[in-house]
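*Asks:* entry_3.tsv is reproduced in full below (TSV, N, CA, C and O atoms).
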```
chain	number	residue	atom	x	y	z
A	1329	MET	N	89.67	123.14	80.61
A	1329	MET	CA	88.93	121.97	80.23
A	1329	MET	C	89.62	120.74	80.84
A	1329	MET	O	90.82	120.55	80.71
A	1330	ALA	N	88.86	119.89	81.46
A	1330	ALA	CA	89.40	118.69	82.09
A	1330	ALA	C	89.70	117.64	81.03
A	1330	ALA	O	88.98	117.50	80.05
A	1331	LEU	N	90.78	116.91	81.25
A	1331	LEU	CA	91.16	115.84	80.34
A	1331	LEU	C	90.34	114.59	80.66
A	1331	LEU	O	90.09	114.29	81.83
A	1332	ASN	N	89.93	113.86	79.65
A	1332	ASN	CA	89.20	112.62	79.83
A	1332	ASN	C	90.22	111.49	79.91
A	1332	ASN	O	90.75	111.06	78.89
A	1333	LEU	N	90.49	111.01	81.12
A	1333	LEU	CA	91.52	110.01	81.33
A	1333	LEU	C	90.91	108.65	81.63
A	1333	LEU	O	89.91	108.56	82.33
A	1334	ASN	N	91.52	107.60	81.10
A	1334	ASN	CA	91.05	106.24	81.31
A	1334	ASN	C	92.17	105.45	81.97
A	1334	ASN	O	93.02	104.86	81.29
A	1335	TYR	N	92.16	105.43	83.30
A	1335	TYR	CA	93.22	104.75	84.05
A	1335	TYR	C	93.11	103.23	83.92
A	1335	TYR	O	94.08	102.53	84.21
A	1336	ALA	N	91.98	102.70	83.51
A	1336	ALA	CA	91.85	101.26	83.31
A	1336	ALA	C	92.63	100.81	82.08
A	1336	ALA	O	93.16	99.70	82.04
A	1337	ALA	N	92.73	101.68	81.09
A	1337	ALA	CA	93.41	101.33	79.84
A	1337	ALA	C	94.82	101.87	79.72
A	1337	ALA	O	95.63	101.34	78.95
A	1338	ASN	N	95.14	102.93	80.47
A	1338	ASN	CA	96.44	103.60	80.32
A	1338	ASN	C	97.09	103.91	81.65
A	1338	ASN	O	96.42	104.08	82.66
A	1339	THR	N	98.40	104.04	81.60
A	1339	THR	CA	99.17	104.64	82.68
A	1339	THR	C	99.58	106.01	82.17
A	1339	THR	O	99.98	106.15	81.01
A	1340	TYR	N	99.48	107.02	83.02
A	1340	TYR	CA	99.79	108.38	82.59
A	1340	TYR	C	101.07	108.87	83.25
A	1340	TYR	O	101.30	108.64	84.44
A	1341	LEU	N	101.87	109.54	82.45
A	1341	LEU	CA	103.11	110.15	82.93
A	1341	LEU	C	102.99	111.65	82.75
A	1341	LEU	O	102.66	112.13	81.66
A	1342	ALA	N	103.26	112.40	83.81
A	1342	ALA	CA	103.34	113.85	83.71
A	1342	ALA	C	104.82	114.19	83.56
A	1342	ALA	O	105.65	113.78	84.37
A	1343	ILE	N	105.13	114.91	82.51
A	1343	ILE	CA	106.51	115.30	82.23
A	1343	ILE	C	106.64	116.79	82.47
A	1343	ILE	O	105.97	117.60	81.82
A	1344	THR	N	107.49	117.16	83.44
A	1344	THR	CA	107.75	118.58	83.72
A	1344	THR	C	108.98	118.98	82.91
A	1344	THR	O	110.07	118.45	83.11
A	1345	LEU	N	108.77	119.91	82.00
A	1345	LEU	CA	109.83	120.32	81.08
A	1345	LEU	C	110.64	121.49	81.63
A	1345	LEU	O	110.08	122.37	82.29
A	1346	PRO	N	111.93	121.55	81.31
A	1346	PRO	CA	112.73	122.73	81.67
A	1346	PRO	C	112.31	123.92	80.80
A	1346	PRO	O	111.71	123.74	79.73
A	1347	ALA	N	112.62	125.11	81.25
A	1347	ALA	CA	112.20	126.34	80.57
A	1347	ALA	C	112.73	126.45	79.14
A	1347	ALA	O	112.10	127.08	78.29
A	1348	ASP	N	113.85	125.81	78.84
A	1348	ASP	CA	114.44	125.91	77.50
A	1348	ASP	C	114.10	124.72	76.60
A	1348	ASP	O	114.68	124.55	75.54
A	1349	SER	N	113.14	123.92	76.98
A	1349	SER	CA	112.78	122.72	76.22
A	1349	SER	C	112.13	123.07	74.88
A	1349	SER	O	111.25	123.93	74.82
A	1350	THR	N	112.53	122.38	73.83
A	1350	THR	CA	111.91	122.58	72.52
A	1350	THR	C	110.49	122.01	72.50
A	1350	THR	O	109.69	122.39	71.64
A	1351	TYR	N	110.16	121.12	73.44
A	1351	TYR	CA	108.82	120.55	73.49
A	1351	TYR	C	107.77	121.56	73.95
A	1351	TYR	O	106.58	121.32	73.78
A	1352	LEU	N	108.17	122.68	74.49
A	1352	LEU	CA	107.22	123.72	74.87
A	1352	LEU	C	106.56	124.32	73.63
A	1352	LEU	O	105.40	124.71	73.67
A	1353	GLN	N	107.29	124.36	72.51
A	1353	GLN	CA	106.74	124.90	71.27
A	1353	GLN	C	105.99	123.82	70.48
A	1353	GLN	O	105.10	124.14	69.69
A	1354	ALA	N	106.36	122.56	70.64
A	1354	ALA	CA	105.71	121.46	69.91
A	1354	ALA	C	105.46	120.32	70.90
A	1354	ALA	O	106.12	119.28	70.84
A	1355	PRO	N	104.50	120.49	71.81
A	1355	PRO	CA	104.31	119.50	72.88
A	1355	PRO	C	103.95	118.10	72.40
A	1355	PRO	O	104.36	117.11	73.02
A	1356	ALA	N	103.22	117.97	71.32
A	1356	ALA	CA	102.83	116.65	70.83
A	1356	ALA	C	104.03	115.82	70.40
A	1356	ALA	O	103.98	114.58	70.41
A	1357	ASP	N	105.13	116.48	70.05
A	1357	ASP	CA	106.36	115.78	69.65
A	1357	ASP	C	106.95	114.96	70.80
A	1357	ASP	O	107.75	114.06	70.56
A	1358	LEU	N	106.57	115.27	72.01
A	1358	LEU	CA	107.06	114.53	73.17
A	1358	LEU	C	106.72	113.04	73.06
A	1358	LEU	O	107.50	112.18	73.46
A	1359	ALA	N	105.60	112.72	72.47
A	1359	ALA	CA	105.18	111.32	72.32
A	1359	ALA	C	106.09	110.55	71.37
A	1359	ALA	O	106.10	109.32	71.39
A	1360	LEU	N	106.89	111.25	70.58
A	1360	LEU	CA	107.80	110.58	69.66
A	1360	LEU	C	108.99	109.94	70.37
A	1360	LEU	O	109.73	109.17	69.76
A	1361	LEU	N	109.15	110.22	71.65
A	1361	LEU	CA	110.28	109.66	72.40
A	1361	LEU	C	110.16	108.17	72.65
A	1361	LEU	O	111.15	107.50	72.92
A	1362	HIS	N	108.94	107.64	72.58
A	1362	HIS	CA	108.74	106.20	72.76
A	1362	HIS	C	107.56	105.75	71.90
A	1362	HIS	O	106.52	106.42	71.87
A	1363	PRO	N	107.70	104.60	71.21
A	1363	PRO	CA	106.64	104.17	70.30
A	1363	PRO	C	105.30	103.85	70.96
A	1363	PRO	O	104.26	103.91	70.30
A	1364	ALA	N	105.29	103.54	72.24
A	1364	ALA	CA	104.03	103.22	72.92
A	1364	ALA	C	103.30	104.46	73.43
A	1364	ALA	O	102.15	104.38	73.86
A	1365	ALA	N	103.93	105.61	73.36
A	1365	ALA	CA	103.40	106.83	73.96
A	1365	ALA	C	102.40	107.55	73.08
A	1365	ALA	O	102.50	107.53	71.85
A	1366	ALA	N	101.43	108.19	73.74
A	1366	ALA	CA	100.48	109.06	73.06
A	1366	ALA	C	100.38	110.36	73.85
A	1366	ALA	O	100.25	110.33	75.08
A	1367	TYR	N	100.44	111.48	73.16
A	1367	TYR	CA	100.31	112.78	73.81
A	1367	TYR	C	98.86	113.00	74.22
A	1367	TYR	O	97.95	112.81	73.42
A	1368	VAL	N	98.64	113.38	75.48
A	1368	VAL	CA	97.28	113.61	75.98
A	1368	VAL	C	96.98	115.11	76.04
A	1368	VAL	O	95.94	115.55	75.60
A	1369	GLY	N	97.91	115.88	76.59
A	1369	GLY	CA	97.69	117.32	76.68
A	1369	GLY	C	98.47	117.95	77.80
A	1369	GLY	O	99.28	117.31	78.47
A	1370	GLN	N	98.19	119.20	78.00
A	1370	GLN	CA	98.81	120.01	79.05
A	1370	GLN	C	98.08	119.78	80.36
A	1370	GLN	O	96.86	119.58	80.37
A	1371	VAL	N	98.81	119.79	81.46
A	1371	VAL	CA	98.19	119.62	82.77
A	1371	VAL	C	97.73	120.98	83.28
A	1371	VAL	O	98.55	121.87	83.52
A	1372	ALA	N	96.42	121.15	83.37
A	1372	ALA	CA	95.79	122.38	83.84
A	1372	ALA	C	96.38	123.59	83.10
A	1372	ALA	O	96.51	123.56	81.90
A	1373	ALA	N	96.73	124.63	83.84
A	1373	ALA	CA	97.27	125.85	83.22
A	1373	ALA	C	98.79	125.85	83.19
A	1373	ALA	O	99.40	126.85	82.85
A	1374	MET	N	99.39	124.72	83.51
A	1374	MET	CA	100.85	124.63	83.56
A	1374	MET	C	101.39	124.22	82.19
A	1374	MET	O	101.38	123.05	81.84
A	1375	SER	N	101.86	125.17	81.42
A	1375	SER	CA	102.32	124.88	80.06
A	1375	SER	C	103.59	124.06	80.04
A	1375	SER	O	103.93	123.48	79.00
A	1376	ASP	N	104.29	123.97	81.16
A	1376	ASP	CA	105.53	123.19	81.20
A	1376	ASP	C	105.32	121.77	81.72
A	1376	ASP	O	106.27	121.01	81.87
A	1377	VAL	N	104.08	121.37	81.97
A	1377	VAL	CA	103.78	120.01	82.43
A	1377	VAL	C	102.82	119.36	81.42
A	1377	VAL	O	101.71	119.83	81.22
A	1378	LEU	N	103.32	118.29	80.79
A	1378	LEU	CA	102.56	117.62	79.74
A	1378	LEU	C	102.23	116.19	80.16
A	1378	LEU	O	103.01	115.55	80.86
A	1379	LEU	N	101.10	115.71	79.70
A	1379	LEU	CA	100.64	114.38	80.07
A	1379	LEU	C	100.77	113.44	78.87
A	1379	LEU	O	100.35	113.77	77.76
A	1380	ILE	N	101.36	112.28	79.14
A	1380	ILE	CA	101.58	111.24	78.14
A	1380	ILE	C	100.86	109.98	78.60
A	1380	ILE	O	100.91	109.63	79.78
A	1381	ALA	N	100.20	109.28	77.68
A	1381	ALA	CA	99.53	108.01	77.99
A	1381	ALA	C	100.35	106.85	77.45
A	1381	ALA	O	100.84	106.91	76.33
A	1382	ILE	N	100.47	105.82	78.28
A	1382	ILE	CA	101.11	104.57	77.88
A	1382	ILE	C	100.07	103.46	78.07
A	1382	ILE	O	99.53	103.33	79.17
A	1383	PRO	N	99.79	102.66	77.05
A	1383	PRO	CA	98.82	101.58	77.24
A	1383	PRO	C	99.26	100.64	78.38
A	1383	PRO	O	100.44	100.32	78.51
A	1384	LYS	N	98.28	100.24	79.19
A	1384	LYS	CA	98.56	99.37	80.35
A	1384	LYS	C	99.32	98.11	79.93
A	1384	LYS	O	100.22	97.66	80.64
A	1385	ALA	N	98.96	97.52	78.80
A	1385	ALA	CA	99.63	96.29	78.35
A	1385	ALA	C	101.13	96.51	78.18
A	1385	ALA	O	101.94	95.66	78.55
A	1386	GLN	N	101.50	97.67	77.64
A	1386	GLN	CA	102.92	98.01	77.47
A	1386	GLN	C	103.57	98.28	78.83
A	1386	GLN	O	104.65	97.80	79.12
A	1387	TRP	N	102.89	99.08	79.64
A	1387	TRP	CA	103.43	99.49	80.94
A	1387	TRP	C	103.65	98.29	81.86
A	1387	TRP	O	104.64	98.22	82.57
A	1388	GLU	N	102.73	97.35	81.83
A	1388	GLU	CA	102.79	96.21	82.74
A	1388	GLU	C	103.54	95.01	82.16
A	1388	GLU	O	103.62	93.97	82.81
A	1389	ALA	N	104.11	95.16	80.97
A	1389	ALA	CA	104.80	94.04	80.33
A	1389	ALA	C	105.96	93.52	81.18
A	1389	ALA	O	106.11	92.32	81.36
A	1390	SER	N	106.78	94.42	81.70
A	1390	SER	CA	107.91	94.02	82.54
A	1390	SER	C	108.51	95.25	83.21
A	1390	SER	O	108.27	96.39	82.80
A	1391	GLU	N	109.30	94.99	84.23
A	1391	GLU	CA	109.99	96.08	84.93
A	1391	GLU	C	110.97	96.78	83.99
A	1391	GLU	O	111.11	97.99	84.02
A	1392	SER	N	111.62	96.01	83.13
A	1392	SER	CA	112.59	96.61	82.20
A	1392	SER	C	111.88	97.50	81.17
A	1392	SER	O	112.43	98.52	80.77
A	1393	THR	N	110.67	97.11	80.76
A	1393	THR	CA	109.90	97.95	79.84
A	1393	THR	C	109.53	99.27	80.50
A	1393	THR	O	109.66	100.33	79.89
A	1394	ARG	N	109.07	99.22	81.75
A	1394	ARG	CA	108.74	100.45	82.48
A	1394	ARG	C	109.98	101.35	82.60
A	1394	ARG	O	109.90	102.56	82.38
A	1395	ALA	N	111.12	100.74	82.93
A	1395	ALA	CA	112.36	101.52	83.06
A	1395	ALA	C	112.74	102.16	81.72
A	1395	ALA	O	113.17	103.32	81.69
A	1396	GLU	N	112.57	101.43	80.64
A	1396	GLU	CA	112.88	101.95	79.30
A	1396	GLU	C	112.00	103.16	78.97
A	1396	GLU	O	112.47	104.17	78.45
A	1397	ILE	N	110.72	103.04	79.27
A	1397	ILE	CA	109.77	104.14	79.01
A	1397	ILE	C	110.13	105.36	79.84
A	1397	ILE	O	110.21	106.48	79.34
A	1398	ILE	N	110.35	105.16	81.13
A	1398	ILE	CA	110.69	106.28	82.02
A	1398	ILE	C	111.99	106.94	81.57
A	1398	ILE	O	112.08	108.17	81.50
A	1399	ASP	N	113.01	106.14	81.24
A	1399	ASP	CA	114.28	106.70	80.80
A	1399	ASP	C	114.13	107.52	79.53
A	1399	ASP	O	114.78	108.56	79.38
A	1400	ALA	N	113.27	107.08	78.62
A	1400	ALA	CA	113.05	107.83	77.38
A	1400	ALA	C	112.54	109.23	77.67
A	1400	ALA	O	112.97	110.21	77.05
A	1401	PHE	N	111.65	109.35	78.65
A	1401	PHE	CA	111.07	110.66	78.96
A	1401	PHE	C	111.92	111.47	79.92
A	1401	PHE	O	111.81	112.70	79.96
A	1402	LYS	N	112.79	110.82	80.69
A	1402	LYS	CA	113.71	111.56	81.56
A	1402	LYS	C	114.66	112.42	80.73
A	1402	LYS	O	115.18	113.41	81.22
A	1403	ALA	N	114.88	112.03	79.48
A	1403	ALA	CA	115.72	112.83	78.59
A	1403	ALA	C	115.09	114.19	78.31
A	1403	ALA	O	115.79	115.15	77.97
A	1404	ALA	N	113.77	114.28	78.48
A	1404	ALA	CA	113.05	115.53	78.19
A	1404	ALA	C	112.78	116.36	79.44
A	1404	ALA	O	112.69	117.59	79.38
A	1405	GLY	N	112.64	115.71	80.60
A	1405	GLY	CA	112.31	116.45	81.83
A	1405	GLY	C	112.06	115.49	82.98
A	1405	GLY	O	112.38	114.30	82.90
A	1406	ASN	N	111.49	116.01	84.04
A	1406	ASN	CA	111.17	115.19	85.21
A	1406	ASN	C	109.91	114.38	84.94
A	1406	ASN	O	108.93	114.91	84.42
A	1407	VAL	N	109.94	113.11	85.30
A	1407	VAL	CA	108.84	112.19	85.03
A	1407	VAL	C	108.12	111.86	86.33
A	1407	VAL	O	108.75	111.50	87.32
A	1408	HIS	N	106.79	111.99	86.31
A	1408	HIS	CA	105.96	111.66	87.47
A	1408	HIS	C	104.86	110.71	87.01
A	1408	HIS	O	104.06	111.05	86.14
A	1409	ILE	N	104.83	109.52	87.62
A	1409	ILE	CA	103.78	108.55	87.30
A	1409	ILE	C	102.51	109.00	88.00
A	1409	ILE	O	102.51	109.23	89.21
A	1410	GLN	N	101.44	109.12	87.24
A	1410	GLN	CA	100.17	109.59	87.79
A	1410	GLN	C	99.33	108.42	88.27
A	1410	GLN	O	99.26	107.39	87.62
A	1411	GLU	N	98.71	108.60	89.41
A	1411	GLU	CA	97.82	107.59	89.96
A	1411	GLU	C	96.46	108.23	90.22
A	1411	GLU	O	96.39	109.36	90.69
A	1412	PRO	N	95.39	107.49	89.90
A	1412	PRO	CA	94.06	108.07	90.13
A	1412	PRO	C	93.79	108.24	91.62
A	1412	PRO	O	94.11	107.36	92.42
A	1413	LYS	N	93.27	109.38	91.96
A	1413	LYS	CA	92.92	109.66	93.35
A	1413	LYS	C	91.54	110.27	93.36
A	1413	LYS	O	91.21	111.11	92.54
A	1414	GLN	N	90.76	109.82	94.30
A	1414	GLN	CA	89.41	110.37	94.43
A	1414	GLN	C	89.43	111.42	95.52
A	1414	GLN	O	89.97	111.20	96.60
A	1415	ARG	N	88.84	112.54	95.23
A	1415	ARG	CA	88.76	113.60	96.24
A	1415	ARG	C	87.80	113.20	97.33
A	1415	ARG	O	86.75	112.62	97.09
A	1416	VAL	N	88.17	113.56	98.53
A	1416	VAL	CA	87.33	113.26	99.68
A	1416	VAL	C	86.52	114.49	100.01
A	1416	VAL	O	87.05	115.59	100.15
A	1417	LYS	N	85.21	114.31	100.12
A	1417	LYS	CA	84.34	115.41	100.47
A	1417	LYS	C	84.48	115.68	101.96
A	1417	LYS	O	84.38	114.78	102.78
A	1418	ARG	N	84.76	116.91	102.27
A	1418	ARG	CA	84.89	117.27	103.68
A	1418	ARG	C	83.50	117.51	104.25
A	1418	ARG	O	82.72	118.28	103.72
A	1419	GLU	N	83.22	116.82	105.31
A	1419	GLU	CA	81.91	116.95	105.94
A	1419	GLU	C	81.82	118.26	106.68
A	1419	GLU	O	82.78	118.78	107.21
A	1420	GLY	N	80.62	118.78	106.72
A	1420	GLY	CA	80.38	120.01	107.47
A	1420	GLY	C	80.49	121.27	106.65
A	1420	GLY	O	80.14	122.34	107.12
A	1421	LEU	N	80.98	121.19	105.44
A	1421	LEU	CA	81.11	122.40	104.62
A	1421	LEU	C	79.75	122.96	104.24
A	1421	LEU	O	79.58	124.18	104.20
A	1422	ASP	N	78.79	122.10	103.95
A	1422	ASP	CA	77.46	122.59	103.58
A	1422	ASP	C	76.79	123.36	104.72
A	1422	ASP	O	76.04	124.28	104.49
A	1423	ASP	N	77.10	122.97	105.95
A	1423	ASP	CA	76.52	123.63	107.10
A	1423	ASP	C	77.02	125.07	107.26
A	1423	ASP	O	76.34	125.92	107.81
A	1424	GLU	N	78.24	125.32	106.76
A	1424	GLU	CA	78.85	126.63	106.94
A	1424	GLU	C	78.37	127.63	105.89
A	1424	GLU	O	78.55	128.82	106.04
A	1425	LEU	N	77.78	127.14	104.82
A	1425	LEU	CA	77.37	128.05	103.73
A	1425	LEU	C	76.07	128.68	104.00
A	1425	LEU	O	75.26	128.89	104.52
```
Starting from the file, lay out its structure as structure tokens.
*Replies:*
Amino acid sequence: MALNLNYAANTYLAITLPADSTYLQAPADLALLHPAAAYVGQVAAMSDVLLIAIPKAQWEASESTRAEIIDAFKAAGNVHIQEPKQRVKREGLDDEL
């Protein structure tokens, strides 16, 4: 099931957890690492990659705020800031079918 993401309102962080992480058993607890965070869900079928939402107002408040948020989640795993990307339709595929 695809996640319903709102990039206009939130910045999303994908957190890749180590194999021995306690957050694998209680993924929603990951959001407790920072008061602005909200647990969104698992990324696709990857149970070790979790998505966290941070409200844009919090994320864009200052560079030090962003660093504080990232550092809070680095304690749990690798942090990847997600950016919306639109898939490009490859031309000519319909002709081959």
*Asks:* Interatomic distance between CA of Ser1390 (chain A) and CA of Asn1338 (chain A)?
*Replies:*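 These two atoms are separated by 15.1 Å.
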*Asks:* For each of A:Ile1343, A:Ala1354, A:Ala1385, A:Ile1380, take the minimum atom-to-atom distance to Ala1366 (chain A), counting all atoms listed in the file, then give the residue where this is smallest.
*Replies:*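 Answer, going by the shortest atom-to-atom distance: A:Ile1380.
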*Asks:* What separation in Å, quoted to one decimal, exists between atom C of Val1371 (chain A) and atom O of Val1416 (chain A)?
*Replies:*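 About the pair atom C of Val1371 (chain A) and atom O of Val1416 (chain A): they are 20.7 Å apart.
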*Asks:* Figure out the distance between CA of Ala1336 (chain A) and CA of Ala1356 (chain A), please, to one decimal in Å.
*Replies:*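 Taking CA of Ala1356 (chain A) and CA of Ala1336 (chain A), their separation equals 22.7 Å.
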*Asks:* For each of A:Thr1393, A:Ala1404, A:Met1374, A:Val1368, take the minimum atom-to-atom distance to Tyr1340 (chain A), counting only C-alpha atoms, then give the residue where this is smallest.
*Replies:*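 That would be A:Val1368, the residue with the smallest distance to Tyr1340 (chain A).
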*Asks:* Identify which of the residues A:Asp1348, A:Ala1337, A:Pro1412, A:Pro1355 lies closest to Leu1378 (chain A), counting all atoms listed in the file when measuring atom-to-atom distances.
*Replies:*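 Closest to Leu1378 (chain A), using all atoms listed in the file: A:Pro1355.
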